[in-house]
file protein_5.txt (compact mmCIF, C-alpha atoms)
# COMPACT_ATOMS: atom_id res chain seq x y z
CA MET A 4 -4.37 -16.22 -6.15
CA LYS A 5 -4.79 -14.77 -2.68
CA ILE A 6 -2.11 -14.53 -0.03
CA GLU A 7 -3.62 -13.55 3.33
CA ILE A 8 -1.30 -12.21 6.01
CA TRP A 9 -2.19 -12.02 9.69
CA SER A 10 0.03 -9.39 11.26
CA ASP A 11 0.41 -6.84 14.06
CA VAL A 12 2.17 -3.51 13.53
CA MET A 13 4.02 -4.00 16.83
CA CYS A 14 5.46 -7.36 15.73
CA PRO A 15 9.10 -7.02 14.58
CA PHE A 16 9.03 -10.32 12.69
CA CYS A 17 5.92 -9.21 10.78
CA TYR A 18 7.87 -6.33 9.22
CA ILE A 19 10.73 -8.68 8.35
CA GLY A 20 8.30 -11.25 6.95
CA LYS A 21 6.61 -8.60 4.80
CA HIS A 22 9.90 -7.68 3.16
CA ASN A 23 10.96 -11.30 2.64
CA LEU A 24 7.63 -12.01 0.96
CA GLU A 25 7.98 -8.93 -1.26
CA LYS A 26 11.48 -10.03 -2.27
CA ALA A 27 10.10 -13.44 -3.22
CA LEU A 28 7.40 -11.80 -5.34
CA GLU A 29 9.75 -9.38 -7.13
CA ASN A 30 10.91 -11.69 -9.90
CA LEU A 31 7.77 -13.75 -10.39
CA GLU A 32 6.38 -13.30 -13.89
CA TYR A 33 2.88 -13.94 -12.57
CA LYS A 34 3.06 -11.58 -9.56
CA ASP A 35 0.25 -9.45 -11.01
CA GLN A 36 -2.02 -12.48 -10.55
CA ILE A 37 -1.35 -12.58 -6.81
CA GLU A 38 -3.50 -10.55 -4.43
CA ILE A 39 -2.10 -9.63 -1.01
CA ILE A 40 -4.72 -9.32 1.72
CA TRP A 41 -3.67 -7.96 5.11
CA LYS A 42 -5.46 -9.35 8.15
CA SER A 43 -5.52 -7.85 11.63
CA TYR A 44 -4.10 -9.60 14.68
CA GLN A 45 -3.28 -8.24 18.13
CA LEU A 46 -0.42 -9.82 20.03
CA ASP A 47 -1.63 -8.20 23.25
CA ALA A 48 -5.10 -6.67 23.19
CA SER A 49 -4.85 -5.89 26.91
CA ILE A 50 -2.18 -3.18 26.47
CA PRO A 51 -3.45 0.28 27.37
CA GLU A 52 -3.30 2.95 24.68
CA VAL A 53 0.16 3.96 25.84
CA VAL A 54 2.50 1.93 28.04
CA ASN A 55 5.08 3.96 29.94
CA ASP A 56 7.82 1.44 29.31
CA THR A 57 10.49 0.57 26.78
CA TYR A 58 10.00 -2.36 24.42
CA ALA A 59 12.61 -4.31 26.39
CA GLY A 60 10.92 -3.42 29.67
CA TYR A 61 7.54 -4.51 28.39
CA LEU A 62 9.04 -7.71 26.97
CA SER A 63 10.76 -8.56 30.25
CA LYS A 64 7.51 -8.25 32.21
CA LYS A 65 5.49 -10.11 29.59
CA ARG A 66 7.92 -13.04 29.37
CA ASN A 67 9.23 -12.91 32.94
CA ILE A 68 12.84 -12.34 31.93
CA SER A 69 15.36 -9.68 32.87
CA GLU A 70 15.41 -6.40 30.97
CA GLU A 71 18.98 -7.22 29.95
CA GLN A 72 17.76 -10.45 28.37
CA GLY A 73 15.02 -8.46 26.66
CA ASN A 74 17.58 -6.07 25.20
CA GLN A 75 19.71 -8.97 23.97
CA MET A 76 16.71 -10.50 22.21
CA LEU A 77 15.84 -7.20 20.56
CA ALA A 78 19.45 -6.64 19.49
CA SER A 79 19.36 -9.99 17.72
CA VAL A 80 16.09 -9.04 15.97
CA SER A 81 17.59 -5.68 14.94
CA THR A 82 20.55 -7.47 13.37
CA THR A 83 18.22 -9.74 11.39
CA ALA A 84 16.22 -6.72 10.25
CA LYS A 85 19.34 -4.83 9.20
CA GLN A 86 20.40 -7.69 6.94
CA ILE A 87 17.34 -7.03 4.74
CA GLY A 88 17.59 -3.24 4.89
CA LEU A 89 15.29 -2.45 7.82
CA ASP A 90 16.38 -0.05 10.54
CA TYR A 91 14.95 -0.88 13.98
CA HIS A 92 15.22 1.49 16.95
CA PHE A 93 13.69 -0.32 19.89
CA ASP A 94 14.98 2.37 22.23
CA LYS A 95 12.57 4.82 20.58
CA THR A 96 9.49 2.62 20.20
CA ILE A 97 6.34 3.76 22.01
CA MET A 98 4.51 0.72 23.33
CA THR A 99 0.82 1.06 22.64
CA ASN A 100 -2.41 -0.75 21.91
CA SER A 101 -2.52 -1.45 18.17
CA PHE A 102 -6.31 -1.65 17.75
CA LYS A 103 -6.68 1.88 16.37
CA ALA A 104 -3.85 1.27 13.89
CA HIS A 105 -5.63 -1.86 12.71
CA ARG A 106 -8.82 0.14 12.15
CA LEU A 107 -6.80 2.43 9.91
CA ILE A 108 -5.38 -0.55 7.99
CA GLN A 109 -8.90 -1.85 7.39
CA PHE A 110 -9.92 1.57 6.06
CA ALA A 111 -6.83 1.69 3.83
CA LYS A 112 -7.72 -1.76 2.45
CA SER A 113 -11.08 -0.35 1.34
CA LYS A 114 -9.08 2.17 -0.74
CA ALA A 115 -6.72 -0.50 -2.15
CA LYS A 116 -3.82 0.79 -0.03
CA GLY A 117 -3.51 -1.94 2.58
CA SER A 118 0.13 -2.83 1.85
CA GLN A 119 1.17 0.83 1.74
CA MET A 120 -0.49 1.48 5.09
CA GLU A 121 1.15 -1.55 6.68
CA GLU A 122 4.57 -0.44 5.46
CA ARG A 123 4.09 3.11 6.72
CA LEU A 124 2.90 1.95 10.14
CA PHE A 125 5.78 -0.52 10.52
CA LYS A 126 8.32 2.18 9.72
CA ALA A 127 6.58 4.68 11.99
CA PHE A 128 6.68 2.27 14.92
CA PHE A 129 10.03 0.50 14.56
CA THR A 130 12.20 3.16 12.93
CA GLU A 131 10.71 6.55 13.76
CA GLY A 132 9.37 5.90 17.26
CA LYS A 133 5.92 7.34 16.51
CA ASN A 134 2.85 6.73 18.65
CA VAL A 135 0.64 4.55 16.45
CA SER A 136 -2.33 4.85 18.76
CA ASP A 137 -2.45 8.65 18.48
CA THR A 138 -5.24 9.71 16.12
CA ASP A 139 -3.46 12.79 14.77
CA THR A 140 -0.33 10.74 14.06
CA LEU A 141 -2.34 8.06 12.29
CA ILE A 142 -4.15 10.65 10.16
CA GLN A 143 -0.81 12.14 9.11
CA LEU A 144 0.59 8.71 8.21
CA ALA A 145 -2.52 7.95 6.16
CA LYS A 146 -2.20 11.24 4.29
CA GLU A 147 1.41 10.39 3.46
CA ILE A 148 0.31 7.33 1.48
CA GLY A 149 -2.29 9.30 -0.44
CA LEU A 150 -5.50 8.78 1.53
CA GLU A 151 -7.92 11.72 1.56
CA GLU A 152 -7.84 13.69 4.80
CA ASN A 153 -11.60 14.31 4.82
CA GLU A 154 -12.25 10.53 4.67
CA ILE A 155 -9.61 9.20 7.07
CA SER A 156 -11.56 9.96 10.25
CA ALA A 157 -14.08 7.28 9.22
CA ALA A 158 -11.46 4.71 10.20
CA PHE A 159 -11.93 5.71 13.84
CA THR A 160 -15.65 6.51 13.86
CA ASP A 161 -17.28 3.93 11.59
CA ASP A 162 -17.89 0.69 13.49
CA ILE A 163 -17.44 -1.38 10.33
CA TYR A 164 -13.66 -1.06 10.60
CA ALA A 165 -13.65 -2.14 14.25
CA TYR A 166 -15.83 -5.09 13.27
CA GLN A 167 -13.42 -6.07 10.50
CA VAL A 168 -10.49 -6.04 12.93
CA LYS A 169 -12.32 -8.31 15.36
CA ASN A 170 -13.52 -10.55 12.54
CA ASP A 171 -9.94 -11.04 11.30
CA ILE A 172 -8.81 -11.97 14.81
CA ASN A 173 -11.67 -14.45 15.23
CA GLU A 174 -10.86 -15.94 11.83
CA ALA A 175 -7.24 -16.42 12.90
CA ILE A 176 -8.42 -18.29 16.00
CA GLN A 177 -10.58 -20.57 13.85
CA LEU A 178 -7.60 -21.30 11.58
CA GLY A 179 -5.44 -22.16 14.59
CA VAL A 180 -3.13 -19.16 14.28
CA THR A 181 -1.25 -18.66 17.55
CA GLY A 182 1.40 -16.19 16.44
CA VAL A 183 2.26 -13.76 13.68
CA PRO A 184 3.24 -13.24 10.96
CA PHE A 185 1.11 -15.99 9.49
CA PHE A 186 0.70 -16.33 5.74
CA VAL A 187 -2.10 -18.33 4.10
CA LEU A 188 -1.75 -19.11 0.39
CA ASP A 189 -4.96 -19.90 -1.49
CA ARG A 190 -6.42 -21.27 1.75
CA LYS A 191 -4.31 -24.38 1.18
CA TYR A 192 -0.82 -23.63 2.48
CA GLY A 193 0.35 -21.83 5.60
CA ILE A 194 3.69 -20.23 6.38
CA SER A 195 4.35 -19.30 9.99
CA GLY A 196 6.92 -16.69 10.91
CA ALA A 197 9.38 -14.49 9.06
CA GLN A 198 10.72 -17.22 6.79
CA PRO A 199 13.54 -16.60 4.27
CA SER A 200 12.53 -15.45 0.80
CA ASP A 201 13.26 -18.83 -0.78
CA VAL A 202 10.71 -20.50 1.50
CA PHE A 203 8.11 -18.02 0.27
CA SER A 204 9.21 -18.50 -3.35
CA ASN A 205 8.95 -22.29 -3.22
CA THR A 206 5.58 -22.33 -1.48
CA ILE A 207 4.12 -19.62 -3.72
CA GLU A 208 5.24 -21.53 -6.82
CA LYS A 209 3.60 -24.72 -5.61
CA ALA A 210 0.38 -22.99 -4.56
CA PHE A 211 0.18 -20.96 -7.76
CA GLU A 212 0.60 -23.97 -10.03
CA GLU A 213 -2.26 -25.72 -8.23
CA TRP A 214 -4.39 -22.56 -8.27
CA LYS A 215 -3.76 -22.06 -12.00
CA LEU A 216 -4.72 -25.64 -12.74
CA ASN A 217 -8.00 -25.19 -10.89
CA GLN A 218 -8.81 -22.07 -12.91
CA THR A 219 -8.94 -24.15 -16.09
CA LYS A 220 -11.05 -26.94 -14.63
CA THR A 221 -14.83 -26.96 -14.60
CA ASN A 222 -16.27 -29.72 -12.47
CA LEU A 223 -19.98 -30.08 -13.20
CA ASP A 224 -22.45 -32.29 -11.44
CA ILE A 225 -24.33 -33.44 -14.58
CA GLN A 226 -27.88 -34.80 -14.67
CA ASN A 227 -27.97 -36.92 -17.84
CA GLY A 228 -30.93 -36.96 -20.26
CA GLN A 229 -31.55 -37.56 -23.96
CA SER A 230 -29.08 -35.71 -26.17
CA CYS A 231 -27.14 -35.76 -29.43
CA SER A 232 -23.36 -36.20 -29.64
CA ILE A 233 -21.01 -34.39 -32.01
CA ASP A 234 -20.88 -37.48 -34.25
CA GLY A 235 -24.61 -37.19 -34.90
CA GLN A 236 -25.74 -39.98 -32.60
CA CYS A 237 -28.93 -39.11 -30.75
CA ASP A 238 -30.41 -41.17 -27.91
call {"tool": "encode", "arguments": {"input": "protein_5.txt", "output": "structure tokens"}}
result
Amino acid sequence: MKIEIWSDVMCPFCYIGKHNLEKALENLEYKDQIEIIWKSYQLDASIPEVVNDTYAGYLSKKRNISEEQGNQMLASVSTTAKQIGLDYHFDKTIMTNSFKAHRLIQFAKSKAKGSQMEERLFKAFFTEGKNVSDTDTLIQLAKEIGLEENEISAAFTDDIYAYQVKNDINEAIQLGVTGVPFFVLDRKYGISGAQPSDVFSNTIEKAFEEWKLNQTKTNLDIQNGQSCSIDGQCD
């Protein structure tokens, strides 16, 4: 069963949602039958490659609130993150356009390392204060999860990865996604936001049971003609 996740590496709730989902999956006996597919989404595609502002400063301008209010909001998010073992440092974050990071995620997906790349980028942005639009930084992060250095540059030069980013964003629009994280289970159930682990567990269980039932069903559109039955009757 597929779980698709629309996410942006600059979204603090996306990192929290990722870990809550993973906690929900930990104890499922059928977790090896669940495929996680990361989808690209940009919260603000208009951001230049580097914004000379703090996260709180950017947030205050974007939402027309005071920087003090922005800091209070981020402090609350940091507390939530800390409760599940994540260490946020909004004072160190480098605001940036995330498109190049998404290209790298798409490349990592082609090497079956999408989740590892997401995790490394989240930590780089929220904990380590790294510039996730800097090509050299992104190459180093990709190497750290085991991607081959001589192949990584394709993420930034091959147009297929840019196309995949844009295609994911367009798909989100078609599905009615207006914010991230957004989780789609078997294209039947949606979970919006960084919900608690039990919300993920309950919805996954419901979706999986239905998915499993459909795997055993074969619905054929049959054109009937003359035949013989197992009891020997032929007509």
call {"tool": "residues_around", "arguments": {"input": "protein_5.txt", "residues": "range 192-197 of chain A", "least_positions_apart": "6", "cutoff": "9 Å", "atoms": "all atoms listed in the file", "output": "JSON, numbers by chain"}}
result
{"A": [16, 17, 18, 19, 20, 21, 23, 24, 180, 182, 183, 184, 185, 186, 203, 206, 207, 210]}
call {"tool": "atom_distance", "arguments": {"input": "protein_5.txt", "atom1": "CA of Glu147 in chain A", "atom2": "CA of Ser81 in chain A"}}
result
25.5 Å
call {"tool": "closest_atom_pairs", "arguments": {"input": "protein_5.txt", "of": "range 20-67 of chain A", "to": "range 85-102 of chain A", "cutoff": "8 Å", "atoms": "only C-alpha atoms", "output": "JSON lines"}}
result
{"residue": "A:His22", "atom": "CA", "partner": "A:Ile87", "partner_atom": "CA", "distance": 7.6}
{"residue": "A:Asn23", "atom": "CA", "partner": "A:Ile87", "partner_atom": "CA", "distance": 8.0}
{"residue": "A:Gln45", "atom": "CA", "partner": "A:Ser101", "partner_atom": "CA", "distance": 6.8}
{"residue": "A:Asp47", "atom": "CA", "partner": "A:Asn100", "partner_atom": "CA", "distance": 7.6}
{"residue": "A:Ala48", "atom": "CA", "partner": "A:Asn100", "partner_atom": "CA", "distance": 6.6}
{"residue": "A:Ser49", "atom": "CA", "partner": "A:Asn100", "partner_atom": "CA", "distance": 7.6}
{"residue": "A:Ile50", "atom": "CA", "partner": "A:Asn100", "partner_atom": "CA", "distance": 5.2}
{"residue": "A:Pro51", "atom": "CA", "partner": "A:Asn100", "partner_atom": "CA", "distance": 5.7}
{"residue": "A:Glu52", "atom": "CA", "partner": "A:Asn100", "partner_atom": "CA", "distance": 4.7}
{"residue": "A:Val53", "atom": "CA", "partner": "A:Thr99", "partner_atom": "CA", "distance": 4.4}
{"residue": "A:Val54", "atom": "CA", "partner": "A:Met98", "partner_atom": "CA", "distance": 5.3}
{"residue": "A:Asn55", "atom": "CA", "partner": "A:Met98", "partner_atom": "CA", "distance": 7.4}
{"residue": "A:Asp56", "atom": "CA", "partner": "A:Met98", "partner_atom": "CA", "distance": 6.9}
{"residue": "A:Thr57", "atom": "CA", "partner": "A:Asp94", "partner_atom": "CA", "distance": 6.6}
{"residue": "A:Tyr58", "atom": "CA", "partner": "A:Phe93", "partner_atom": "CA", "distance": 6.2}
{"residue": "A:Ala59", "atom": "CA", "partner": "A:Phe93", "partner_atom": "CA", "distance": 7.7}
{"residue": "A:Tyr61", "atom": "CA", "partner": "A:Met98", "partner_atom": "CA", "distance": 7.9}
call {"tool": "closest_residue", "arguments": {"input": "protein_5.txt", "among": "A:Glu174, A:Leu216, A:Phe110, A:Leu144", "to": "Lys126 in chain A", "atoms": "all atoms listed in the file"}}
result
A:Leu144
call {"tool": "closest_residue", "arguments": {"input": "protein_5.txt", "among": "A:Leu188, A:Ile172, A:Val80, A:Cys231", "to": "Trp9 in chain A", "atoms": "only C-alpha atoms"}}
result
A:Ile172
call {"tool": "closest_residue", "arguments": {"input": "protein_5.txt", "among": "A:Glu29, A:Glu151, A:Asp162, A:Glu38", "to": "Phe211 in chain A", "atoms": "all atoms listed in the file"}}
result
A:Glu38
call {"tool": "closest_residue", "arguments": {"input": "protein_5.txt", "among": "A:Met13, A:Leu150, A:Val202, A:Leu62", "to": "Ala127 in chain A", "atoms": "all atoms listed in the file"}}
result
A:Met13
call {"tool": "closest_residue", "arguments": {"input": "protein_5.txt", "among": "A:Gln36, A:Ser43, A:Asn30, A:Ser200", "to": "Asp171 in chain A", "atoms": "all atoms listed in the file"}}
result
A:Ser43
call {"tool": "axis_aligned_box", "arguments": {"input": "protein_5.txt", "around": "range 52-58 of chain A", "padding_each_side": "5 Å", "output": "JSON"}}
result
{"center_x": 3.6, "center_y": 0.8, "center_z": 27.2, "size_x": 23.8, "size_y": 16.3, "size_z": 15.5}
call {"tool": "closest_residue", "arguments": {"input": "protein_5.txt", "among": "A:Lys65, A:Lys103, A:Arg123, A:Lys116", "to": "Ala165 in chain A", "atoms": "all atoms listed in the file"}}
result
A:Lys103
call {"tool": "atom_distance", "arguments": {"input": "protein_5.txt", "atom1": "CA of Glu70 in chain A", "atom2": "CA of Gln198 in chain A"}}
result
26.9 Å
call {"tool": "atom_distance", "arguments": {"input": "protein_5.txt", "atom1": "CA of Ile6 in chain A", "atom2": "CA of Phe159 in chain A"}}
result
26.4 Å
call {"tool": "residues_around", "arguments": {"input": "protein_5.txt", "residues": "Trp41 in chain A", "least_positions_apart": "2", "cutoff": "9 Å", "atoms": "only C-alpha atoms", "output": "ChimeraX atom specification"}}
result
/A:6-10,39,43,108-109,112,117-118,121
call {"tool": "decode", "arguments": {"input": "protein_5.txt", "residues": "range 23-37 of chain A", "atoms": "C-alpha atoms", "output": "CSV table (one decimal), in the first residue's frame"}}
result
chain,number,residue,atom,x,y,z
A,23,ASN,CA,5.0,10.8,14.0
A,24,LEU,CA,4.2,8.7,10.9
A,25,GLU,CA,7.4,6.6,11.4
A,26,LYS,CA,6.5,6.0,15.1
A,27,ALA,CA,3.1,4.8,13.9
A,28,LEU,CA,4.7,2.4,11.4
A,29,GLU,CA,7.3,1.0,13.9
A,30,ASN,CA,5.1,-1.7,15.5
A,31,LEU,CA,3.0,-2.6,12.5
A,32,GLU,CA,3.6,-6.2,11.5
A,33,TYR,CA,2.8,-5.4,7.9
A,34,LYS,CA,5.0,-2.3,7.6
A,35,ASP,CA,7.1,-4.0,4.9
A,36,GLN,CA,4.0,-3.9,2.7
A,37,ILE,CA,3.8,-0.1,3.0
